[in-house]
Amino acid sequence: MQYKIAVSGSASNNCTKGAFKKAYEVGRQIALHGCVLITGATIGVPEWATRGSKAAGGVSIGLSPAVSKQAHMHTYHLPTRYMDLIIYTGFDYSGRNMLMTRSSDAVIVICGRIGTLNEFTAAFEDKRVVGVLTGTGGVEEEIDNILKLAKRGRRRIVFEEDPKKLVEKVIHQIKINNKQKHLKQQEVM
């Protein structure tokens, strides 16, 4: 089964130096592990992850906040390159974020601003696996503190600074979650 892994991150460069290069490598690793990349179909971290996926022959799906290709390009000023499929949600950014996290088995956070934080909290609340690529800046640097303040634990959350190791750990955690879900379903029956 192909896992679907979303990459969430900053569209603009408020990231540390080298964060886009790491995003590229995360996308590449997702493809090399036979997983499907899902992004918010935007510039910055998501676009670099998409480039990495395509370089490794991967499949990339973008969920756009726009209602059409024309609005995607001319109203939102977003790219269309490197994605195999763009779904025009028409739900603006917050609605698109929810669709993206719920369409994924896991979400990887790289750098980020408020939209990335929104995607993180949506994934966390939906009990998705979340990978945090540390050392990339932005809201990524605050996630551990937010978890401590919220007193909700770190289950299903993986922190790692190496893109390859992060993707491997995220896939491993997806497998654990799937086993736990299967066992719970058997208990109900």
# chains A, B, ... in the order shown; residues from 1 in each chain; ligands from 1

$ residues_around --residues "stretch 1-11 of chain A" --least-positions-apart "6" --cutoff "6 Å" --atoms "only C-alpha atoms" --output "list in words"
Cys35, Val36, Leu37, Ile38, Thr39, Ile43, Gly44, Val45, Ser104, Asp105, Ala106, Val107, Ile108, Val109, Ile110, Cys111, Gly112, Arg113 and Thr116 of chain A

$ write_last_selection --atoms "C-alpha atoms" --output "PDB file, in the first residue's frame"
ATOM      1  CA  CYS A  35       4.914   6.966  -1.070  1.00  0.00           C
ATOM      2  CA  VAL A  36       2.729   9.662  -2.625  1.00  0.00           C
ATOM      3  CA  LEU A  37       3.556  13.278  -1.837  1.00  0.00           C
ATOM      4  CA  ILE A  38       0.701  15.649  -1.046  1.00  0.00           C
ATOM      5  CA  THR A  39       1.209  19.410  -0.748  1.00  0.00           C
ATOM      6  CA  ILE A  43       5.616  27.910  -3.507  1.00  0.00           C
ATOM      7  CA  GLY A  44       8.481  27.553  -1.042  1.00  0.00           C
ATOM      8  CA  VAL A  45       8.802  24.365   0.995  1.00  0.00           C
ATOM      9  CA  SER A 104      -2.709  12.034   4.298  1.00  0.00           C
ATOM     10  CA  ASP A 105      -1.398   9.228   6.470  1.00  0.00           C
ATOM     11  CA  ALA A 106       1.187  11.641   7.863  1.00  0.00           C
ATOM     12  CA  VAL A 107       2.214  15.281   7.690  1.00  0.00           C
ATOM     13  CA  ILE A 108       5.819  16.466   7.684  1.00  0.00           C
ATOM     14  CA  VAL A 109       6.402  20.001   8.948  1.00  0.00           C
ATOM     15  CA  ILE A 110       9.337  21.978   7.578  1.00  0.00           C
ATOM     16  CA  CYS A 111       9.902  25.549   8.739  1.00  0.00           C
ATOM     17  CA  GLY A 112       6.543  27.279   8.458  1.00  0.00           C
ATOM     18  CA  ARG A 113       4.312  30.119   9.503  1.00  0.00           C
ATOM     19  CA  THR A 116       1.859  25.357   8.793  1.00  0.00           C
TER      20      THR A 116
END

$ select_by_dssp --residues "stretch 117-186 of chain A" --states "helix (DSSP H, G or I)" --output "PyMOL selection string"
chain A and resi 117-125+138-150+163-186

$ atom_distance --atom1 "atom CA of A:Tyr93" --atom2 "atom CA of A:Val132"
20.8 Å

$ residues_around --residues "A:Asp92" --least-positions-apart "5" --cutoff "8 Å" --atoms "only C-alpha atoms" --output "PyMOL selection string"
chain A and resi 64-66

$ write_last_selection --atoms "N, CA and C atoms" --output "PDB file, in the first residue's frame"
ATOM      1  N   SER A  64      -5.017  22.721  -4.038  1.00  0.00           N
ATOM      2  CA  SER A  64      -4.990  24.174  -4.184  1.00  0.00           C
ATOM      3  C   SER A  64      -6.111  24.826  -3.380  1.00  0.00           C
ATOM      4  N   PRO A  65      -5.847  26.021  -2.833  1.00  0.00           N
ATOM      5  CA  PRO A  65      -6.913  26.765  -2.172  1.00  0.00           C
ATOM      6  C   PRO A  65      -7.893  27.372  -3.175  1.00  0.00           C
ATOM      7  N   ALA A  66      -7.514  27.408  -4.441  1.00  0.00           N
ATOM      8  CA  ALA A  66      -8.290  28.084  -5.487  1.00  0.00           C
ATOM      9  C   ALA A  66      -9.420  27.205  -6.016  1.00  0.00           C
TER      10      ALA A  66
END

$ decode --residues "stretch 47-78 of chain A" --atoms "N, CA and C atoms" --output "mmCIF file, in the first residue's frame"
data_model
loop_
_atom_site.group_PDB
_atom_site.id
_atom_site.type_symbol
_atom_site.label_atom_id
_atom_site.label_comp_id
_atom_site.auth_asym_id
_atom_site.auth_seq_id
_atom_site.Cartn_x
_atom_site.Cartn_y
_atom_site.Cartn_z
ATOM 1 N N GLU A 47 6.778 23.460 -2.853
ATOM 2 C CA GLU A 47 7.286 23.340 -4.219
ATOM 3 C C GLU A 47 8.622 22.604 -4.250
ATOM 4 N N TRP A 48 9.496 22.880 -3.300
ATOM 5 C CA TRP A 48 10.789 22.201 -3.267
ATOM 6 C C TRP A 48 10.624 20.708 -2.973
ATOM 7 N N ALA A 49 9.686 20.356 -2.102
ATOM 8 C CA ALA A 49 9.422 18.937 -1.840
ATOM 9 C C ALA A 49 8.906 18.261 -3.109
ATOM 10 N N THR A 50 8.045 18.961 -3.833
ATOM 11 C CA THR A 50 7.500 18.427 -5.086
ATOM 12 C C THR A 50 8.609 18.219 -6.109
ATOM 13 N N ARG A 51 9.523 19.155 -6.190
ATOM 14 C CA ARG A 51 10.666 19.000 -7.111
ATOM 15 C C ARG A 51 11.473 17.753 -6.766
ATOM 16 N N GLY A 52 11.702 17.549 -5.462
ATOM 17 C CA GLY A 52 12.455 16.371 -5.027
ATOM 18 C C GLY A 52 11.748 15.076 -5.370
ATOM 19 N N SER A 53 10.442 15.066 -5.178
ATOM 20 C CA SER A 53 9.656 13.882 -5.512
ATOM 21 C C SER A 53 9.742 13.573 -7.004
ATOM 22 N N LYS A 54 9.571 14.592 -7.818
ATOM 23 C CA LYS A 54 9.614 14.386 -9.271
ATOM 24 C C LYS A 54 10.996 13.933 -9.727
ATOM 25 N N ALA A 55 12.057 14.453 -9.102
ATOM 26 C CA ALA A 55 13.418 14.056 -9.467
ATOM 27 C C ALA A 55 13.651 12.569 -9.216
ATOM 28 N N ALA A 56 12.922 12.002 -8.257
ATOM 29 C CA ALA A 56 13.060 10.582 -7.934
ATOM 30 C C ALA A 56 11.964 9.738 -8.587
ATOM 31 N N GLY A 57 11.191 10.339 -9.492
ATOM 32 C CA GLY A 57 10.153 9.597 -10.196
ATOM 33 C C GLY A 57 8.895 9.370 -9.381
ATOM 34 N N GLY A 58 8.674 10.197 -8.361
ATOM 35 C CA GLY A 58 7.521 10.028 -7.484
ATOM 36 C C GLY A 58 6.245 10.649 -8.013
ATOM 37 N N VAL A 59 5.172 10.398 -7.291
ATOM 38 C CA VAL A 59 3.853 10.939 -7.608
ATOM 39 C C VAL A 59 3.577 12.074 -6.630
ATOM 40 N N SER A 60 3.114 13.189 -7.181
ATOM 41 C CA SER A 60 2.869 14.379 -6.375
ATOM 42 C C SER A 60 1.477 14.935 -6.660
ATOM 43 N N ILE A 61 0.708 15.138 -5.575
ATOM 44 C CA ILE A 61 -0.631 15.697 -5.684
ATOM 45 C C ILE A 61 -0.669 17.006 -4.918
ATOM 46 N N GLY A 62 -1.167 18.049 -5.567
ATOM 47 C CA GLY A 62 -1.311 19.349 -4.917
ATOM 48 C C GLY A 62 -2.768 19.666 -4.667
ATOM 49 N N LEU A 63 -3.074 20.136 -3.472
ATOM 50 C CA LEU A 63 -4.425 20.587 -3.141
ATOM 51 C C LEU A 63 -4.393 22.102 -3.084
ATOM 52 N N SER A 64 -5.017 22.721 -4.038
ATOM 53 C CA SER A 64 -4.990 24.174 -4.184
ATOM 54 C C SER A 64 -6.111 24.826 -3.380
ATOM 55 N N PRO A 65 -5.847 26.021 -2.833
ATOM 56 C CA PRO A 65 -6.913 26.765 -2.172
ATOM 57 C C PRO A 65 -7.893 27.372 -3.175
ATOM 58 N N ALA A 66 -7.514 27.408 -4.441
ATOM 59 C CA ALA A 66 -8.290 28.084 -5.487
ATOM 60 C C ALA A 66 -9.420 27.205 -6.016
ATOM 61 N N VAL A 67 -10.362 27.854 -6.693
ATOM 62 C CA VAL A 67 -11.519 27.165 -7.262
ATOM 63 C C VAL A 67 -11.245 26.650 -8.681
ATOM 64 N N SER A 68 -10.197 27.170 -9.336
ATOM 65 C CA SER A 68 -9.892 26.779 -10.716
ATOM 66 C C SER A 68 -8.407 26.981 -10.988
ATOM 67 N N LYS A 69 -7.975 26.453 -12.121
ATOM 68 C CA LYS A 69 -6.589 26.634 -12.515
ATOM 69 C C LYS A 69 -6.280 28.121 -12.715
ATOM 70 N N GLN A 70 -7.207 28.837 -13.314
ATOM 71 C CA GLN A 70 -7.003 30.267 -13.547
ATOM 72 C C GLN A 70 -6.842 31.016 -12.217
ATOM 73 N N ALA A 71 -7.710 30.731 -11.254
ATOM 74 C CA ALA A 71 -7.606 31.385 -9.943
ATOM 75 C C ALA A 71 -6.327 30.955 -9.227
ATOM 76 N N HIS A 72 -5.962 29.697 -9.374
ATOM 77 C CA HIS A 72 -4.727 29.176 -8.779
ATOM 78 C C HIS A 72 -3.525 29.992 -9.262
ATOM 79 N N MET A 73 -3.478 30.231 -10.566
ATOM 80 C CA MET A 73 -2.337 30.927 -11.154
ATOM 81 C C MET A 73 -2.437 32.441 -11.027
ATOM 82 N N HIS A 74 -3.604 33.022 -11.240
ATOM 83 C CA HIS A 74 -3.713 34.477 -11.356
ATOM 84 C C HIS A 74 -4.190 35.181 -10.088
ATOM 85 N N THR A 75 -5.001 34.519 -9.280
ATOM 86 C CA THR A 75 -5.452 35.134 -8.029
ATOM 87 C C THR A 75 -4.484 34.811 -6.892
ATOM 88 N N TYR A 76 -4.135 33.531 -6.778
ATOM 89 C CA TYR A 76 -3.240 33.091 -5.703
ATOM 90 C C TYR A 76 -1.759 33.139 -6.100
ATOM 91 N N HIS A 77 -1.492 33.225 -7.399
ATOM 92 C CA HIS A 77 -0.120 33.273 -7.920
ATOM 93 C C HIS A 77 0.685 32.036 -7.513
ATOM 94 N N LEU A 78 0.092 30.867 -7.737
ATOM 95 C CA LEU A 78 0.714 29.612 -7.338
ATOM 96 C C LEU A 78 1.174 28.823 -8.558
#
